[in-house]
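Q: File model_1.csv follows (CSV, C-alpha atoms):
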chain,number,residue,atom,x,y,z
L,1,MET,CA,28.7,52.6,83.7
L,2,LEU,CA,30.9,49.8,82.4
L,3,ARG,CA,34.0,51.1,80.8
L,4,GLY,CA,37.5,50.0,80.1
L,5,ALA,CA,40.5,51.9,81.5
L,6,ASP,CA,40.8,54.4,78.6
L,7,SER,CA,37.0,54.8,78.5
L,8,PHE,CA,36.8,52.4,75.6
L,9,VAL,CA,33.2,51.6,74.7
L,10,PRO,CA,33.0,48.4,72.7
L,11,LYS,CA,30.8,48.3,69.6
L,12,VAL,CA,28.6,45.3,69.8
L,13,ALA,CA,26.5,43.5,67.2
L,14,LEU,CA,23.7,42.0,69.1
L,15,PHE,CA,21.7,39.2,67.4
L,16,HIS,CA,18.5,38.2,69.2
L,17,CYS,CA,16.0,35.5,68.4
L,18,ARG,CA,12.5,36.7,67.6
L,19,TRP,CA,10.8,34.0,69.6
L,20,CYS,CA,12.3,34.8,73.1
L,21,LEU,CA,12.9,38.5,72.4
L,22,PRO,CA,10.6,39.7,69.7
L,23,GLU,CA,11.2,43.4,70.1
L,24,SER,CA,14.6,45.0,69.5
L,25,ASP,CA,13.5,48.0,71.5
L,26,ALA,CA,12.9,45.8,74.5
L,27,VAL,CA,16.4,44.4,74.1
L,28,LYS,CA,17.8,47.9,74.1
L,29,ASN,CA,16.2,48.5,77.4
L,30,LEU,CA,18.2,45.6,78.8
L,31,LEU,CA,21.6,47.2,77.9
L,32,PRO,CA,23.8,48.8,80.5
L,33,GLU,CA,23.5,52.5,80.8
L,34,HIS,CA,25.0,54.5,77.9
L,35,TYR,CA,25.4,51.5,75.7
L,36,GLU,CA,22.3,52.2,73.5
L,37,SER,CA,24.4,53.7,70.7
L,38,ALA,CA,27.3,51.3,70.9
L,39,VAL,CA,25.1,48.3,70.4
L,40,SER,CA,23.4,47.4,67.1
L,41,THR,CA,20.5,45.1,67.6
L,42,ILE,CA,19.6,42.6,64.8
L,43,LYS,CA,16.6,40.4,65.0
L,44,ILE,CA,16.9,36.9,63.6
L,45,ASN,CA,14.4,34.2,63.2
L,46,CYS,CA,16.3,31.7,65.3
L,47,THR,CA,19.8,31.6,66.5
L,48,ALA,CA,20.4,28.8,64.0
L,49,ARG,CA,20.5,31.7,61.5
L,50,MET,CA,23.9,32.6,63.0
L,51,GLU,CA,26.3,31.5,60.4
L,52,GLY,CA,29.9,32.1,61.3
L,53,GLU,CA,30.3,34.7,58.6
L,54,LEU,CA,27.8,37.0,60.2
L,55,ALA,CA,30.1,37.2,63.2
L,56,ILE,CA,33.3,37.2,61.2
L,57,LYS,CA,32.1,40.0,59.0
L,58,ALA,CA,31.0,42.1,62.0
L,59,PHE,CA,34.6,42.1,63.2
L,60,GLY,CA,35.7,43.2,59.7
L,61,GLN,CA,33.2,46.1,59.9
L,62,GLY,CA,34.5,47.6,63.1
L,63,PHE,CA,32.5,45.7,65.8
L,64,ASP,CA,34.5,44.6,68.8
L,65,GLY,CA,32.0,41.9,69.8
L,66,VAL,CA,29.1,39.8,68.7
L,67,LEU,CA,26.5,38.8,71.2
L,68,VAL,CA,23.9,36.2,70.4
L,69,ILE,CA,20.8,35.8,72.5
L,70,GLY,CA,18.5,32.9,72.0
L,71,CYS,CA,16.0,30.6,73.7
L,72,GLU,CA,17.2,28.3,76.5
L,73,ASP,CA,17.7,24.6,75.7
L,74,GLY,CA,14.4,22.8,75.1
L,75,GLU,CA,12.5,26.0,74.2
L,76,CYS,CA,13.5,26.4,70.6
L,77,HIS,CA,10.5,27.2,68.3
L,78,TYR,CA,12.1,25.0,65.7
L,79,GLU,CA,13.0,22.3,68.3
L,80,SER,CA,16.8,22.3,67.9
L,81,GLY,CA,17.9,25.5,66.2
L,82,ASN,CA,19.5,26.8,69.4
L,83,ARG,CA,21.4,23.6,69.7
L,84,GLN,CA,22.9,24.1,66.3
L,85,ALA,CA,23.8,27.6,67.2
L,86,PHE,CA,25.3,26.5,70.5
L,87,ASN,CA,27.7,24.0,69.0
L,88,ARG,CA,28.5,26.2,66.0
L,89,LEU,CA,29.3,29.3,68.0
L,90,GLY,CA,31.3,27.3,70.4
L,91,MET,CA,33.4,26.0,67.6
L,92,LEU,CA,33.7,29.5,66.1
L,93,ARG,CA,35.1,30.7,69.4
L,94,ARG,CA,37.9,28.1,69.2
L,95,MET,CA,38.5,28.9,65.6
L,96,LEU,CA,38.9,32.6,66.4
L,97,GLU,CA,41.3,31.7,69.2
L,98,PHE,CA,43.5,29.8,66.7
L,99,ALA,CA,43.4,32.8,64.5
L,100,GLY,CA,44.5,35.1,67.3
L,101,ILE,CA,41.1,36.7,68.1
L,102,TYR,CA,39.9,36.6,71.7
L,103,PRO,CA,37.1,34.1,71.9
L,104,GLU,CA,35.4,36.3,74.5
L,105,ARG,CA,34.3,38.5,71.7
L,106,ILE,CA,31.6,36.0,70.9
L,107,GLY,CA,29.0,36.0,73.6
L,108,THR,CA,26.0,33.7,73.8
L,109,ILE,CA,23.2,34.0,76.2
L,110,TRP,CA,20.4,31.4,76.4
L,111,VAL,CA,17.4,32.9,78.1
L,112,SER,CA,13.9,32.6,79.3
L,113,PRO,CA,11.8,35.6,78.2
L,114,TYR,CA,10.2,35.7,81.6
L,115,ASP,CA,13.4,36.7,83.4
L,116,PRO,CA,14.6,40.1,82.0
L,117,ALA,CA,16.6,40.8,85.1
L,118,SER,CA,18.8,37.8,84.4
L,119,ILE,CA,19.1,38.7,80.7
L,120,LYS,CA,20.2,42.2,81.7
L,121,ALA,CA,22.8,40.8,84.2
L,122,GLN,CA,24.2,38.5,81.6
L,123,ILE,CA,24.5,41.2,79.0
L,124,GLY,CA,26.3,43.3,81.6
L,125,GLU,CA,28.7,40.4,82.3
L,126,TYR,CA,29.4,39.9,78.6
L,127,ILE,CA,30.2,43.6,78.1
L,128,GLU,CA,32.5,43.6,81.0
L,129,LYS,CA,34.4,40.8,79.5
L,130,LEU,CA,34.6,42.6,76.2
L,131,ASN,CA,35.9,45.6,77.9
L,132,GLY,CA,38.6,43.4,79.3
L,133,VAL,CA,39.9,42.3,75.9
L,134,GLY,CA,39.8,45.8,74.4
L,135,PRO,CA,39.2,47.0,70.8
L,136,PHE,CA,39.3,44.4,67.9
V,1,MET,CA,65.3,4.7,47.1
V,2,GLN,CA,65.7,1.8,44.7
V,3,GLU,CA,63.1,-0.1,46.8
V,4,GLU,CA,60.7,2.8,46.7
V,5,ARG,CA,60.8,3.0,42.9
V,6,GLN,CA,60.2,-0.7,42.7
V,7,GLY,CA,57.1,-0.4,44.9
V,8,ASP,CA,55.8,2.4,42.8
V,9,SER,CA,56.0,0.6,39.5
V,10,ASP,CA,54.3,-2.4,41.1
V,11,ARG,CA,51.5,-0.2,42.2
V,12,THR,CA,51.1,1.4,38.8
V,13,GLU,CA,51.1,-2.0,37.1
V,14,LYS,CA,48.4,-3.2,39.5
V,15,ALA,CA,46.4,0.0,38.9
V,16,ARG,CA,46.5,-0.4,35.1
V,17,GLU,CA,45.5,-4.1,35.4
V,18,LEU,CA,42.5,-3.2,37.6
V,19,ALA,CA,41.5,-0.4,35.3
V,20,ALA,CA,41.7,-2.7,32.3
V,21,SER,CA,39.5,-5.3,33.8
V,22,LEU,CA,37.0,-2.7,34.9
V,23,LEU,CA,36.8,-1.3,31.4
V,24,MET,CA,36.3,-4.8,30.0
V,25,THR,CA,33.2,-5.4,32.1
V,26,ASP,CA,31.4,-2.4,30.9
V,27,SER,CA,30.1,-1.8,34.4
V,28,VAL,CA,31.7,1.7,34.3
V,29,GLN,CA,31.8,4.3,31.6
V,30,GLY,CA,35.4,5.1,32.5
V,31,VAL,CA,38.1,5.0,35.1
V,32,LEU,CA,39.0,8.4,36.6
V,33,ALA,CA,42.6,8.4,37.5
V,34,LEU,CA,45.8,10.3,37.0
V,35,LEU,CA,47.5,10.7,33.6
V,36,GLU,CA,51.2,11.3,33.5
V,37,ILE,CA,52.1,14.1,31.2
V,38,ARG,CA,55.9,14.8,31.2
V,39,ASP,CA,56.7,15.8,34.7
V,40,HIS,CA,53.3,16.2,36.2
V,41,VAL,CA,49.9,14.5,36.5
V,42,VAL,CA,46.4,15.5,35.5
V,43,PRO,CA,43.1,13.9,36.3
V,44,HIS,CA,41.8,11.9,33.3
V,45,LEU,CA,38.9,9.7,32.5
V,46,PHE,CA,40.3,6.6,30.9
V,47,THR,CA,37.7,5.0,28.6
V,48,SER,CA,39.8,2.6,26.6
V,49,ARG,CA,42.4,0.1,27.4
V,50,GLU,CA,44.8,1.7,24.9
V,51,GLU,CA,45.1,4.8,27.0
V,52,LEU,CA,46.1,3.0,30.1
V,53,SER,CA,49.8,3.1,29.5
V,54,GLY,CA,49.6,6.7,30.7
V,55,LEU,CA,47.8,5.9,33.9
V,56,THR,CA,49.8,6.5,37.1
V,57,VAL,CA,49.3,6.4,40.8
V,58,ASP,CA,52.2,8.6,41.6
V,59,GLY,CA,51.7,12.3,41.9
V,60,HIS,CA,49.0,14.0,43.8
V,61,TYR,CA,45.7,15.6,42.8
V,62,ALA,CA,42.5,15.9,44.8
V,63,ILE,CA,40.4,14.1,42.3
V,64,ALA,CA,37.0,13.9,44.0
V,65,GLY,CA,35.7,17.2,42.6
V,66,VAL,CA,36.4,16.0,39.1
V,67,ALA,CA,34.4,12.8,39.8
V,68,GLU,CA,31.5,15.0,41.1
V,69,ARG,CA,31.5,17.1,37.9
V,70,LEU,CA,31.7,14.1,35.6
V,71,LEU,CA,28.7,12.5,37.3
V,72,GLU,CA,26.8,15.8,37.1
V,73,ARG,CA,27.4,15.9,33.4
V,74,TRP,CA,25.8,12.5,32.8
V,75,ALA,CA,22.3,11.8,34.1
V,76,GLN,CA,23.2,8.1,34.4
V,77,GLY,CA,26.1,5.7,34.2
V,78,ASN,CA,28.9,4.9,36.6
V,79,ILE,CA,32.5,5.6,36.9
V,80,ALA,CA,35.4,4.1,38.7
V,81,VAL,CA,37.7,6.4,40.7
V,82,MET,CA,41.3,5.6,41.7
V,83,ALA,CA,41.1,7.1,45.1
V,84,ARG,CA,43.7,7.5,47.8
V,85,GLY,CA,42.4,7.6,51.4
V,86,CYS,CA,41.9,11.4,51.3
V,87,ASP,CA,40.1,11.2,47.9
V,88,GLU,CA,37.7,8.6,49.3
V,89,ARG,CA,37.0,10.7,52.4
V,90,HIS,CA,36.3,13.6,50.1
V,91,LEU,CA,33.8,11.5,48.2
V,92,ILE,CA,32.1,10.5,51.5
V,93,GLU,CA,31.8,14.2,52.5
V,94,LEU,CA,30.5,15.1,49.0
V,95,ALA,CA,27.9,12.3,49.4
V,96,LYS,CA,26.9,13.7,52.7
V,97,LYS,CA,26.2,17.1,51.0
V,98,GLY,CA,24.2,15.3,48.4
V,99,SER,CA,26.8,16.3,45.7
V,100,VAL,CA,27.6,12.8,44.6
V,101,ASP,CA,25.8,9.6,44.5
V,102,LEU,CA,28.2,7.0,45.8
V,103,SER,CA,26.2,4.2,44.2
V,104,ARG,CA,27.5,5.5,40.9
V,105,ILE,CA,31.1,5.3,42.0
V,106,LYS,CA,33.3,2.3,42.1
V,107,VAL,CA,36.2,3.2,44.4
V,108,VAL,CA,39.5,1.6,43.5
V,109,GLY,CA,41.4,2.2,46.7
V,110,VAL,CA,45.1,3.3,46.5
V,111,ALA,CA,47.2,3.0,49.6
V,112,CYS,CA,49.9,5.6,49.9
V,113,ASP,CA,53.4,4.6,50.6
V,114,ILE,CA,55.3,5.9,53.6
V,115,PHE,CA,57.1,8.6,51.5
V,116,GLU,CA,53.8,10.0,50.2
V,117,ALA,CA,52.3,9.9,53.7
V,118,LYS,CA,55.2,11.8,55.1
V,119,ALA,CA,55.1,14.4,52.4
V,120,CYS,CA,51.4,15.1,53.2
V,121,HIS,CA,51.8,15.0,57.0
V,122,CYS,CA,49.1,12.4,56.8
V,123,VAL,CA,47.6,10.3,59.6
V,124,GLN,CA,45.4,8.0,57.6
V,125,PRO,CA,47.1,7.3,54.3
V,126,PHE,CA,44.8,4.5,53.2
V,127,PRO,CA,41.3,4.0,51.8
V,128,ARG,CA,38.8,1.6,53.4
V,129,GLN,CA,40.0,-1.1,51.0
V,130,ALA,CA,43.4,-1.0,49.5
V,131,ASP,CA,43.2,-2.5,46.0
V,132,VAL,CA,46.4,-1.0,44.9
V,133,GLY,CA,49.5,-0.9,47.1
V,134,ASN,CA,49.7,-2.0,50.7
V,135,SER,CA,48.3,0.0,53.5
V,136,ILE,CA,50.9,1.2,56.0
V,137,GLY,CA,48.1,1.6,58.6
V,138,ARG,CA,47.5,4.6,60.9
V,139,VAL,CA,50.5,6.8,61.2
V,140,ASP,CA,51.2,10.2,62.7
V,141,PHE,CA,53.1,12.3,60.4
V,142,MET,CA,51.3,15.4,61.4
V,143,ASP,CA,53.6,18.4,61.7
V,144,HIS,CA,53.2,18.7,65.4
V,145,GLU,CA,56.1,21.1,65.7
V,146,LYS,CA,54.4,23.7,63.5
V,147,LEU,CA,51.0,23.2,65.1
V,148,ASN,CA,52.4,23.4,68.6
V,149,GLU,CA,54.4,26.5,67.7
V,150,LEU,CA,51.1,28.1,66.8
V,151,VAL,CA,49.1,26.8,69.8
V,152,SER,CA,51.8,27.8,72.3
V,153,MET,CA,51.8,31.4,71.2
V,154,SER,CA,49.9,34.0,73.2
V,155,ILE,CA,46.7,35.1,71.5
V,156,THR,CA,48.2,38.5,70.6
V,157,GLU,CA,51.2,36.8,69.1
V,158,ARG,CA,48.9,34.6,67.1
V,159,ARG,CA,47.1,37.7,65.9
V,160,SER,CA,50.2,39.3,64.6
V,161,PHE,CA,51.4,36.1,63.1
V,162,TRP,CA,48.3,35.6,61.0
V,163,THR,CA,47.8,39.3,60.2
V,164,GLU,CA,51.3,39.3,58.8
V,165,ILE,CA,50.9,36.1,56.9
V,166,PHE,CA,47.4,36.8,55.6
V,167,SER,CA,48.7,40.1,54.2
V,168,ARG,CA,50.6,38.1,51.7
V,169,CYS,CA,47.4,36.7,50.2
V,170,ILE,CA,46.8,37.6,46.6
V,171,LYS,CA,43.3,36.2,46.7
V,172,CYS,CA,43.8,33.8,43.9
V,173,TYR,CA,41.2,31.5,45.4
V,174,GLY,CA,43.7,28.6,45.0
V,175,CYS,CA,42.9,27.3,48.5
V,176,ARG,CA,39.2,27.2,47.7
V,177,ASN,CA,39.5,25.8,44.2
V,178,ALA,CA,41.9,23.0,45.2
V,179,CYS,CA,39.4,21.8,47.8
V,180,PRO,CA,36.9,19.3,46.5
V,181,LEU,CA,34.6,20.2,49.5
V,182,CYS,CA,34.5,23.9,48.6
V,183,ASN,CA,31.9,23.1,45.9
V,184,CYS,CA,29.1,25.5,46.6
V,185,VAL,CA,27.7,27.0,43.4
V,186,ASP,CA,27.4,30.5,45.0
V,187,CYS,CA,30.5,31.1,47.1
V,188,ARG,CA,30.4,33.6,49.9
V,189,LEU,CA,34.0,34.5,49.2
V,190,GLU,CA,33.0,36.0,45.9
V,191,GLU,CA,30.2,38.1,47.2
V,192,GLU,CA,30.7,41.8,48.0
V,193,ARG,CA,28.5,41.5,51.0
V,194,TRP,CA,31.0,39.2,52.7
V,195,VAL,CA,34.4,39.9,51.2
V,196,ARG,CA,35.0,43.2,49.3
V,197,VAL,CA,35.5,42.5,45.6
V,198,GLY,CA,38.7,43.6,44.0
V,199,GLU,CA,40.7,44.2,47.1
V,200,ILE,CA,44.1,42.6,47.6
V,201,PRO,CA,45.0,41.4,50.2
V,202,PRO,CA,41.5,40.5,51.1
V,203,GLU,CA,40.0,42.1,54.2
V,204,TYR,CA,40.9,40.6,57.5
V,205,PRO,CA,39.5,38.4,58.9
V,206,SER,CA,36.6,37.7,56.5
V,207,PHE,CA,38.2,35.8,53.7
V,208,HIS,CA,40.3,33.3,55.5
V,209,LEU,CA,38.0,32.7,58.5
V,210,ILE,CA,34.8,32.3,56.4
V,211,ARG,CA,36.7,29.6,54.4
V,212,LEU,CA,37.8,28.0,57.6
V,213,PHE,CA,34.4,28.1,59.2
V,214,HIS,CA,32.7,26.6,56.2
V,215,LEU,CA,35.1,23.7,56.3
V,216,ALA,CA,35.0,23.2,60.0
V,217,ASP,CA,33.0,20.0,59.9
V,218,LYS,CA,34.0,19.0,56.4
V,219,CYS,CA,37.8,19.2,56.2
V,220,VAL,CA,39.4,15.8,55.9
V,221,GLY,CA,42.9,17.2,56.3
V,222,CYS,CA,44.3,16.5,52.8
V,223,MET,CA,46.2,19.8,52.8
V,224,ALA,CA,45.3,20.5,49.1
V,225,CYS,CA,44.6,24.1,50.1
V,226,GLU,CA,48.0,24.6,51.6
V,227,LYS,CA,49.8,23.0,48.7
V,228,ALA,CA,47.8,25.1,46.3
V,229,CYS,CA,48.8,28.4,47.9
V,230,PRO,CA,51.4,30.2,45.7
V,231,MET,CA,52.2,32.6,48.6
V,232,GLY,CA,53.1,29.8,51.0
V,233,ILE,CA,50.4,30.7,53.5
V,234,PRO,CA,50.0,27.7,55.9
V,235,VAL,CA,46.2,27.8,55.6
V,236,GLY,CA,45.9,24.1,56.2
V,237,ARG,CA,47.3,24.5,59.7
V,238,LEU,CA,44.1,26.3,60.9
V,239,ASN,CA,42.0,23.6,59.3
V,240,LEU,CA,44.0,20.8,61.0
V,241,LEU,CA,43.6,22.5,64.4
V,242,VAL,CA,39.8,22.8,63.9
V,243,ARG,CA,39.6,19.2,62.7
V,244,GLN,CA,41.3,18.1,65.8
V,245,GLU,CA,38.9,20.1,67.9
V,246,MET,CA,35.9,18.5,66.2
V,247,LEU,CA,37.4,15.1,67.1
V,248,ASP,CA,38.3,16.0,70.6
V,249,TRP,CA,35.1,17.6,71.7
V,250,TYR,CA,32.5,15.9,69.5
V,251,GLY,CA,34.2,12.7,68.5
V,252,TYR,CA,33.4,13.8,65.0
V,253,GLU,CA,35.7,13.2,62.1
V,254,ALA,CA,34.8,14.3,58.6
V,255,GLY,CA,35.0,11.6,55.9
V,256,ARG,CA,34.3,8.6,58.1
V,257,GLU,CA,30.7,7.6,57.2
V,258,VAL,CA,28.1,9.1,55.0
V,259,GLU,CA,25.5,8.6,57.8
V,260,ASP,CA,27.5,10.6,60.4
V,261,VAL,CA,25.8,13.9,61.2
V,262,SER,CA,27.9,17.0,61.9
V,263,PRO,CA,27.5,18.2,65.5
V,264,LEU,CA,27.4,21.7,64.0
V,265,LEU,CA,24.0,20.7,62.6
V,266,GLY,CA,22.5,19.9,66.0
V,267,GLY,CA,22.7,16.9,68.3
V,268,ALA,CA,24.1,16.9,71.8
V,269,LEU,CA,25.1,20.1,73.4
V,270,ILE,CA,28.8,20.2,74.1
V,271,ASP,CA,30.4,23.3,75.4
V,272,VAL,CA,33.9,23.4,74.0
V,273,ALA,CA,34.9,25.9,76.6
V,274,ASP,CA,33.8,23.6,79.4
V,275,LYS,CA,36.1,20.9,78.3
V,276,LYS,CA,39.2,23.0,78.0
Translate this file's structure into structure tokens.

A:
Amino acid sequence: MLRGADSFVPKVALFHCRWCLPESDAVKNLLPEHYESAVSTIKINCTARMEGELAIKAFGQGFDGVLVIGCEDGECHYESGNRQAFNRLGMLRRMLEFAGIYPERIGTIWVSPYDPASIKAQIGEYIEKLNGVGPF
Amino acid sequence: MQEERQGDSDRTEKARELAASLLMTDSVQGVLALLEIRDHVVPHLFTSREELSGLTVDGHYAIAGVAERLLERWAQGNIAVMARGCDERHLIELAKKGSVDLSRIKVVGVACDIFEAKACHCVQPFPRQADVGNSIGRVDFMDHEKLNELVSMSITERRSFWTEIFSRCIKCYGCRNACPLCNCVDCRLEEERWVRVGEIPPEYPSFHLIRLFHLADKCVGCMACEKACPMGIPVGRLNLLVRQEMLDWYGYEAGREVEDVSPLLGGALIDVADKK
């Protein structure tokens, strides 16, 4: 089990695209062990739906991290929604950094739905990083 | 100092002349410029030549939002706007959003003098075409010391810096209201869903970061937000840093051309973290 030194379990708001990952329950199965209750899954139509305020507000509501999972480049159902999200979330990370918030709190994973093992590994990596920066 | 005053009265003279000739041609319904009232200025639509004795180019007011609202009020007709470089960039950004129709605006460009540019920590104190005053060209009056101070802090130091400073916020919405580009009809900052209503200081980090994020690809760096803040919160500093990031990573600068498309709306993938 992935845990910080003082058995801190980060709360994560996980936004996933409905086209690569249509079922929130399936996403829950990809989480590291014991993280089911610490992660809230939110299905969105496309990662382009990820406005900055969704992530910012999540921090204000007690989440320690925001993870966005969307389709890999070239696979967006709406052609370029994931590209918008990619640049936007990248800029959001820099912005948070300037404001004194660890950019690692925003995670992005661009996936192929046919490789759940890789998605699982990447979620694990993200949570490990989040453990490293501690509570919000 | 004497020389500066001389320059200012020349500029004002020139501005009044241009406004008078525009009003004579009937090509515009009025000239939007600043009116001097005792010790301050207000935006004013000059519609007759008799009024022009009150027109001034000194003093600062982000006037683009007024132009937007005037055009909105009339279904047709044009106006002239006495615009500094930042005002013109605001108008370009507003046109990008579809908020103003630039074909209805005749821009009369006002170049800032070196004193004004310094006071605003400006880097581009001139419009595309300087009709009033002489452009001093690109300068760098940015407050690098203050920006570096912020950037050189550790992330936890920055967190406490902003937490302390944002706790002064009285949520007067001055930063938002002063900004011509914060012109959404429904503002997230007023919605309970995003920022708790009736709470002072506003919750961290929603209020300030949502504002910052919404302006990421729009801010032209005029610093009207910071000047408007009655609590002395250096909100503009975050905007300037983000503006610089947009330029460094994407080569994008708000206010340049109406045709430019923000990289936050798609385009090439550039991983900001990769380039660090």

Q: How many Å lie between CA of Gly70 in chain L and CA of Cys17 in chain L, rounded to one decimal?

A: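 Computing it gives 5.1 Å between the two atoms.
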
Q: Contacts from chain V to chain L, 10 Å maximum, only C-alpha atoms: show me the residue list as a PDB file with C-alpha atoms, in the coordinates of the input.

A:
ATOM      1  CA  LEU V 150      51.100  28.100  66.800  1.00  0.00           C
ATOM      2  CA  VAL V 151      49.100  26.800  69.800  1.00  0.00           C
ATOM      3  CA  MET V 153      51.800  31.400  71.200  1.00  0.00           C
ATOM      4  CA  SER V 154      49.900  34.000  73.200  1.00  0.00           C
ATOM      5  CA  ILE V 155      46.700  35.100  71.500  1.00  0.00           C
ATOM      6  CA  THR V 156      48.200  38.500  70.600  1.00  0.00           C
ATOM      7  CA  GLU V 157      51.200  36.800  69.100  1.00  0.00           C
ATOM      8  CA  ARG V 158      48.900  34.600  67.100  1.00  0.00           C
ATOM      9  CA  ARG V 159      47.100  37.700  65.900  1.00  0.00           C
ATOM     10  CA  SER V 160      50.200  39.300  64.600  1.00  0.00           C
ATOM     11  CA  PHE V 161      51.400  36.100  63.100  1.00  0.00           C
ATOM     12  CA  TRP V 162      48.300  35.600  61.000  1.00  0.00           C
ATOM     13  CA  THR V 163      47.800  39.300  60.200  1.00  0.00           C
ATOM     14  CA  ARG V 188      30.400  33.600  49.900  1.00  0.00           C
ATOM     15  CA  ARG V 193      28.500  41.500  51.000  1.00  0.00           C
ATOM     16  CA  TRP V 194      31.000  39.200  52.700  1.00  0.00           C
ATOM     17  CA  VAL V 195      34.400  39.900  51.200  1.00  0.00           C
ATOM     18  CA  GLU V 203      40.000  42.100  54.200  1.00  0.00           C
ATOM     19  CA  TYR V 204      40.900  40.600  57.500  1.00  0.00           C
ATOM     20  CA  PRO V 205      39.500  38.400  58.900  1.00  0.00           C
ATOM     21  CA  SER V 206      36.600  37.700  56.500  1.00  0.00           C
ATOM     22  CA  PHE V 207      38.200  35.800  53.700  1.00  0.00           C
ATOM     23  CA  HIS V 208      40.300  33.300  55.500  1.00  0.00           C
ATOM     24  CA  LEU V 209      38.000  32.700  58.500  1.00  0.00           C
ATOM     25  CA  ILE V 210      34.800  32.300  56.400  1.00  0.00           C
ATOM     26  CA  ARG V 211      36.700  29.600  54.400  1.00  0.00           C
ATOM     27  CA  LEU V 212      37.800  28.000  57.600  1.00  0.00           C
ATOM     28  CA  PHE V 213      34.400  28.100  59.200  1.00  0.00           C
ATOM     29  CA  HIS V 214      32.700  26.600  56.200  1.00  0.00           C
ATOM     30  CA  ALA V 216      35.000  23.200  60.000  1.00  0.00           C
ATOM     31  CA  ASP V 217      33.000  20.000  59.900  1.00  0.00           C
ATOM     32  CA  ARG V 237      47.300  24.500  59.700  1.00  0.00           C
ATOM     33  CA  LEU V 238      44.100  26.300  60.900  1.00  0.00           C
ATOM     34  CA  ASN V 239      42.000  23.600  59.300  1.00  0.00           C
ATOM     35  CA  LEU V 241      43.600  22.500  64.400  1.00  0.00           C
ATOM     36  CA  VAL V 242      39.800  22.800  63.900  1.00  0.00           C
ATOM     37  CA  GLU V 245      38.900  20.100  67.900  1.00  0.00           C
ATOM     38  CA  MET V 246      35.900  18.500  66.200  1.00  0.00           C
ATOM     39  CA  TRP V 249      35.100  17.600  71.700  1.00  0.00           C
ATOM     40  CA  TYR V 250      32.500  15.900  69.500  1.00  0.00           C
ATOM     41  CA  SER V 262      27.900  17.000  61.900  1.00  0.00           C
ATOM     42  CA  PRO V 263      27.500  18.200  65.500  1.00  0.00           C
ATOM     43  CA  LEU V 264      27.400  21.700  64.000  1.00  0.00           C
ATOM     44  CA  LEU V 265      24.000  20.700  62.600  1.00  0.00           C
ATOM     45  CA  GLY V 266      22.500  19.900  66.000  1.00  0.00           C
ATOM     46  CA  GLY V 267      22.700  16.900  68.300  1.00  0.00           C
ATOM     47  CA  ALA V 268      24.100  16.900  71.800  1.00  0.00           C
ATOM     48  CA  LEU V 269      25.100  20.100  73.400  1.00  0.00           C
ATOM     49  CA  ILE V 270      28.800  20.200  74.100  1.00  0.00           C
ATOM     50  CA  ASP V 271      30.400  23.300  75.400  1.00  0.00           C
ATOM     51  CA  VAL V 272      33.900  23.400  74.000  1.00  0.00           C
ATOM     52  CA  ALA V 273      34.900  25.900  76.600  1.00  0.00           C
TER      53      ALA V 273
END

Q: When you draw a straight line from CA of Gln122 in chain L to CA of Asn29 in chain L, how long is it in Å?

A: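 Rounded to one decimal, the two atoms are 13.5 Å apart.
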
Q: Which neighbours of Ser99 in chain V fall inside 10 Å, counting all atoms listed in the file, when residues of the same chain fewer than 6 positions from it are skipped, and could you give them as a PyMOL selection string?

A: chain V and resi 65+68-69+71-72+91-93+181+183-184

Q: Please, could you write that set of residues out with C-alpha atoms as a JSON list (two decimals), keeping the file's coordinate frame?

A:
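Below you can see again14.json, which holds the result:
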[["chain", "number", "residue", "atom", "x", "y", "z"],
["V", 65, "GLY", "CA", 35.70, 17.20, 42.60],
["V", 68, "GLU", "CA", 31.50, 15.00, 41.10],
["V", 69, "ARG", "CA", 31.50, 17.10, 37.90],
["V", 71, "LEU", "CA", 28.70, 12.50, 37.30],
["V", 72, "GLU", "CA", 26.80, 15.80, 37.10],
["V", 91, "LEU", "CA", 33.80, 11.50, 48.20],
["V", 92, "ILE", "CA", 32.10, 10.50, 51.50],
["V", 93, "GLU", "CA", 31.80, 14.20, 52.50],
["V", 181, "LEU", "CA", 34.60, 20.20, 49.50],
["V", 183, "ASN", "CA", 31.90, 23.10, 45.90],
["V", 184, "CYS", "CA", 29.10, 25.50, 46.60]]

Q: List every protein, DNA or RNA residue with an atom no more than 12 Å from (12.3, 39.6, 70.8) in the file's coordinates, counting only C-alpha atoms, and format the result as a short mmCIF file (atom, residue, chain, number, x, y, z; two decimals) with C-alpha atoms, keeping the file's coordinate frame.

A:
data_model
loop_
_atom_site.label_atom_id
_atom_site.label_comp_id
_atom_site.auth_asym_id
_atom_site.auth_seq_id
_atom_site.Cartn_x
_atom_site.Cartn_y
_atom_site.Cartn_z
CA LEU L 14 23.70 42.00 69.10
CA PHE L 15 21.70 39.20 67.40
CA HIS L 16 18.50 38.20 69.20
CA CYS L 17 16.00 35.50 68.40
CA ARG L 18 12.50 36.70 67.60
CA TRP L 19 10.80 34.00 69.60
CA CYS L 20 12.30 34.80 73.10
CA LEU L 21 12.90 38.50 72.40
CA PRO L 22 10.60 39.70 69.70
CA GLU L 23 11.20 43.40 70.10
CA SER L 24 14.60 45.00 69.50
CA ASP L 25 13.50 48.00 71.50
CA ALA L 26 12.90 45.80 74.50
CA VAL L 27 16.40 44.40 74.10
CA LYS L 28 17.80 47.90 74.10
CA ASN L 29 16.20 48.50 77.40
CA LEU L 30 18.20 45.60 78.80
CA THR L 41 20.50 45.10 67.60
CA ILE L 42 19.60 42.60 64.80
CA LYS L 43 16.60 40.40 65.00
CA ILE L 44 16.90 36.90 63.60
CA ASN L 45 14.40 34.20 63.20
CA CYS L 46 16.30 31.70 65.30
CA THR L 47 19.80 31.60 66.50
CA ILE L 69 20.80 35.80 72.50
CA GLY L 70 18.50 32.90 72.00
CA CYS L 71 16.00 30.60 73.70
CA VAL L 111 17.40 32.90 78.10
CA SER L 112 13.90 32.60 79.30
CA PRO L 113 11.80 35.60 78.20
CA TYR L 114 10.20 35.70 81.60
CA PRO L 116 14.60 40.10 82.00
#
